[in-house]
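Have a look at the structure below before the remarks.
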Amino acid sequence: MNDIRPLLRRTAELASDYLESLEQRPVFPHVTADELRQSLGGPMPESPQEPQEVVELLARDADPGLVAMGSGRYFGFVIGGGLPAALAADWLASAWDQNAGLYVGGPSASVVEQVVRDWVCDLLGLPADASIGFVTGTQMGSVTALAAARFRVLERAGWDVGRDGLFGAPRVRVLVGAKRHVTIDRALRLLGLGTPEAVAADSQGRMEAAALRHALAAGEGPTIVCAQAGEVNTGAFDPFEEIAAAAAEHGAWLHVDGAFGLWAAASPELRGLVRGAERADSWITDAHKWLNVPYDSALVLCSDPEAHRAAMTTSASYLIQDDTGTVYDQVDWVPEFSRRARGFAVYAALRALGRSGLVELIERTCSCARRFAAGIVELPGAEVLNEVVLNQVLFRFDSDERTDDALRRVQEAGDVWMSGTTWNERRAIRVSVSNWQTDDHEIDLALGSFRQAVQAPAHVPAR
Ligand SMILES: *Cc1c(COP(=O)(O)O)cnc(C)c1O
């Protein structure tokens, strides 16, 4: 252990070097997988190597294949960066190396998660007594929440899914918006609930409440409805007030996928977009996206703690679990057994931002998205495809070829990076402003990059 301090000091230097390089380095690396295999690969080493040498070589050899995702110039997918306090707390979580499955695996890790629950329910306007689980991502959040949903809707139909499984169970109907995220489908598949029924969505990807009412009326039995706060391309919100009312009338469980969009609830300016979502039975949201906590980190919350726990609890004679209800054993609320103490980094992010910092982060990135949208339509042939209600901009040029060509040129230039998509059968480009560092300067850089791209001599014939 005598060597640990120089090693960690040196590692902090390497990490800082990398973070400082984010300002200049091309956002996406110019390297092939073969080149990386060359430098990182080789036969399994036969003998030990000094830790500092291992770390030096790893930093050197991995560097050419790193994407500057933590930079304010990265607009791909919906990513977010790492707030300094969250990054530092994440290091501590590794150093402390608690097994955050049980209270006895680390009391502070357990208590911090409960503190985060109180803060998040306050910030997002969710019921103060909601239960919480800390998971790897919204994907596993949906698995957890929909397992709770499955338990409860079948229990109401007189079926104990924990004891008797799904064979012979009443059929569970699952209604989802046509533009739900793919992770909902995978969660349902893993839970044995099959392919859901898609309810029509409008041009922005919002579930149509009238279509949901119609679908609910057309069937009966145990029912789950999955709604969405923040469509991954447009940032659009489902109409929660109407959806919550319809779900309640039919005794359906309402689950909300708010991977990034749920954070709008923290902002007085944007809160109206999520009104009604607080009436749901379960919610999921990522900490590693808009909250800017390092990967991987997400929260699942449930207003029916009994169903949540019934779906996830586990016990074995060698475990020391608390059954007095005074402490919180994380293993009862998530699919994982042994687990990283993810709560520390989320706690640090929330403390570092404070309510005002969080609101500023959310509102600034949304304002950046509006600035980008206003700027991009100045370019010839550019068209914004979404109502820019949040931090997402979806746009295209006047042909699929021009759209793909402009995106390719911008990606190659390396000042900024964003990804393409297909929207209503046409090629489009997505901009997600999710990084805590992004400001007008980075938006203007992105606009400048597209201006150059469309002014360059065309390789493709105009249509
Ligand atoms: C990103 C995203 C997900 C998946 O979240 P992970 O954290 O990657 O598992 C689900 N739904 C929406 C709307 C998303 O944007």
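To be explicit about the labels: the chains of the structure tokens are called A, B, and onward in the order shown, and within each one the residues are counted from 1, while ligands get numbers from 1 in the order they are shown.
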
- Message: Hey, which residues sit close to ligand 1? Say within 8 Å, counting only C-alpha atoms and all ligand atoms, and write them as an NGL selection string.
- Response: :A and (77-79 or 136-141 or 180-184 or 228-232 or 257-261 or 285-286 or 288-289 or 296-298)

- Long-range neighbours of range 162-171 of chain A as a PyMOL selection string, 8 Å cut-off, only C-alpha atoms, 2 positions minimum in chain: chain A and resi 151+154+157+159-160+173+192+221-222+310-311

- Message: What parts of range 10-100 of chain A does DSSP call alpha helix (DSSP H)? I'd like the answer as a ChimeraX atom specification.
- Response: /A:10-21,33-40,51-62,84-96

- Message: I'd like the contact shell of Val112 in chain A - 8 Å cut-off, only C-alpha atoms, skipping same-chain residues fewer than 2 positions apart - returned as a PyMOL selection string.
- Response: chain A and resi 108-110+114-116+343-344+347

- Query: Skipping near chain neighbours, those fewer than 3 positions away, what residues fall within 8 Å of Trp436 in chain A using only C-alpha atoms, listed as an NGL selection string?
  - Reply: :A and (72 or 80-83 or 290 or 292 or 361 or 365)

Selected residues written out with N, CA and C atoms, as a PDB file, in the first residue's frame:
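Below is the file part_21.pdb, written as the result:
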ATOM      1  N   GLY A  72     -17.952  19.674 -24.218  1.00  0.00           N
ATOM      2  CA  GLY A  72     -19.130  20.473 -24.547  1.00  0.00           C
ATOM      3  C   GLY A  72     -19.389  20.532 -26.043  1.00  0.00           C
ATOM      4  N   GLY A  80     -24.331  13.553 -22.177  1.00  0.00           N
ATOM      5  CA  GLY A  80     -23.940  14.231 -20.931  1.00  0.00           C
ATOM      6  C   GLY A  80     -22.491  13.926 -20.579  1.00  0.00           C
ATOM      7  N   GLY A  81     -21.922  14.717 -19.718  1.00  0.00           N
ATOM      8  CA  GLY A  81     -20.531  14.522 -19.313  1.00  0.00           C
ATOM      9  C   GLY A  81     -20.445  14.131 -17.860  1.00  0.00           C
ATOM     10  N   GLY A  82     -19.365  14.526 -17.222  1.00  0.00           N
ATOM     11  CA  GLY A  82     -19.188  14.222 -15.803  1.00  0.00           C
ATOM     12  C   GLY A  82     -18.875  15.509 -15.057  1.00  0.00           C
ATOM     13  N   LEU A  83     -19.778  15.943 -14.214  1.00  0.00           N
ATOM     14  CA  LEU A  83     -19.497  17.103 -13.365  1.00  0.00           C
ATOM     15  C   LEU A  83     -18.275  16.782 -12.514  1.00  0.00           C
ATOM     16  N   TRP A 290     -28.479  13.780 -18.503  1.00  0.00           N
ATOM     17  CA  TRP A 290     -28.570  15.228 -18.280  1.00  0.00           C
ATOM     18  C   TRP A 290     -28.020  15.672 -16.919  1.00  0.00           C
ATOM     19  N   ASN A 292     -25.347  14.637 -15.743  1.00  0.00           N
ATOM     20  CA  ASN A 292     -23.888  14.702 -15.912  1.00  0.00           C
ATOM     21  C   ASN A 292     -23.107  13.998 -14.805  1.00  0.00           C
ATOM     22  N   LEU A 361     -28.512  24.510 -15.449  1.00  0.00           N
ATOM     23  CA  LEU A 361     -27.995  23.534 -16.421  1.00  0.00           C
ATOM     24  C   LEU A 361     -29.096  23.112 -17.407  1.00  0.00           C
ATOM     25  N   THR A 365     -29.059  24.480 -21.407  1.00  0.00           N
ATOM     26  CA  THR A 365     -28.903  23.545 -22.531  1.00  0.00           C
ATOM     27  C   THR A 365     -30.124  23.606 -23.454  1.00  0.00           C
TER      28      THR A 365
END

- Looking at only C-alpha atoms, which of A:Phe134, A:Thr421, A:Ala446, A:Cys302 is the one that sits closest to Ala373 in chain A? A:Ala446

- Message: So, with only C-alpha atoms as the atoms that count, which of A:Val359, A:Val104, A:Leu19, A:Leu36 lies closest to Arg271 in chain A?
- Response: A:Val359

- Message: With only C-alpha atoms as the counted atoms, please give the residues lying no more than 12 Å from Asp61 in chain A, apart from itself and same-chain residues fewer than 2 positions off, as a ChimeraX atom specification.
- Response: /A:31,35-41,53-59,63-66

- Message: Calculated over only C-alpha atoms, which of the candidates A:Val135, A:Leu407, A:Cys121, A:Ala248 has the smallest distance to Val431 in chain A?
- Response: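 Of all the options, A:Leu407 lies closest to Val431 in chain A.
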
- Run DSSP on the backbone and give me the residues of range 223-259 of chain A it puts in strand (DSSP E), as a PyMOL selection string. chain A and resi 223-228+253-257

Next, the residues of the selection above should be written as a PDB file, in the first residue's frame with C-alpha atoms.
ATOM      1  CA  THR A 223     -52.851  -3.619 -18.092  1.00  0.00           C
ATOM      2  CA  ILE A 224     -49.617  -1.638 -18.114  1.00  0.00           C
ATOM      3  CA  VAL A 225     -49.191   1.672 -19.960  1.00  0.00           C
ATOM      4  CA  CYS A 226     -45.710   2.989 -20.791  1.00  0.00           C
ATOM      5  CA  ALA A 227     -45.456   6.706 -21.463  1.00  0.00           C
ATOM      6  CA  GLN A 228     -42.430   8.826 -22.229  1.00  0.00           C
ATOM      7  CA  TRP A 253     -50.191   0.677 -14.079  1.00  0.00           C
ATOM      8  CA  LEU A 254     -48.546   3.759 -15.573  1.00  0.00           C
ATOM      9  CA  HIS A 255     -44.792   3.666 -16.153  1.00  0.00           C
ATOM     10  CA  VAL A 256     -42.871   6.745 -17.319  1.00  0.00           C
ATOM     11  CA  ASP A 257     -39.605   6.532 -19.255  1.00  0.00           C
TER      12      ASP A 257
END

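With only C-alpha atoms as the atoms that count, the minimum distance from Asp444 in chain A to the choices A:Asp202, A:Arg73, A:Ala428, A:Val120 is reached by A:Arg73.
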
- Skipping near chain neighbours, those fewer than 3 positions away, what residues fall within 7 Å of range 2-14 of chain A using only C-alpha atoms, listed as a ChimeraX atom specification? /A:17-18,52

Next, dump the selected residues to file, keeping only N, CA, C and O atoms, as a tab-separated table (two decimals), in the first residue's frame.
chain	number	residue	atom	x	y	z
A	17	ASP	N	-4.84	15.44	-17.57
A	17	ASP	CA	-4.32	15.70	-18.93
A	17	ASP	C	-5.40	15.41	-19.96
A	17	ASP	O	-5.62	16.18	-20.89
A	18	TYR	N	-6.06	14.29	-19.76
A	18	TYR	CA	-7.12	13.93	-20.72
A	18	TYR	C	-8.23	14.98	-20.70
A	18	TYR	O	-8.64	15.47	-21.75
A	52	GLN	N	2.08	1.27	-11.88
A	52	GLN	CA	2.20	2.57	-12.55
A	52	GLN	C	2.49	2.41	-14.04
A	52	GLN	O	1.97	3.15	-14.87

- Note on the structure: Counting only C-alpha atoms, closest pick from A:His214, A:Arg309, A:Arg206, A:Arg156 relative to Glu387 in chain A is A:Arg206

- Message: When you count only C-alpha atoms, which of these residues is closest to Ala246 in chain A: A:Glu401, A:Glu50, A:Glu208, A:Asp304?
- Response: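 Nearest to Ala246 in chain A: A:Glu208.
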
- Message: If I take CA of Met207 in chain A and CA of Glu242 in chain A, how far is one from the other in Å, to one decimal?
- Response: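 Interatomic distance, CA of Met207 in chain A to CA of Glu242 in chain A: 10.5 Å.
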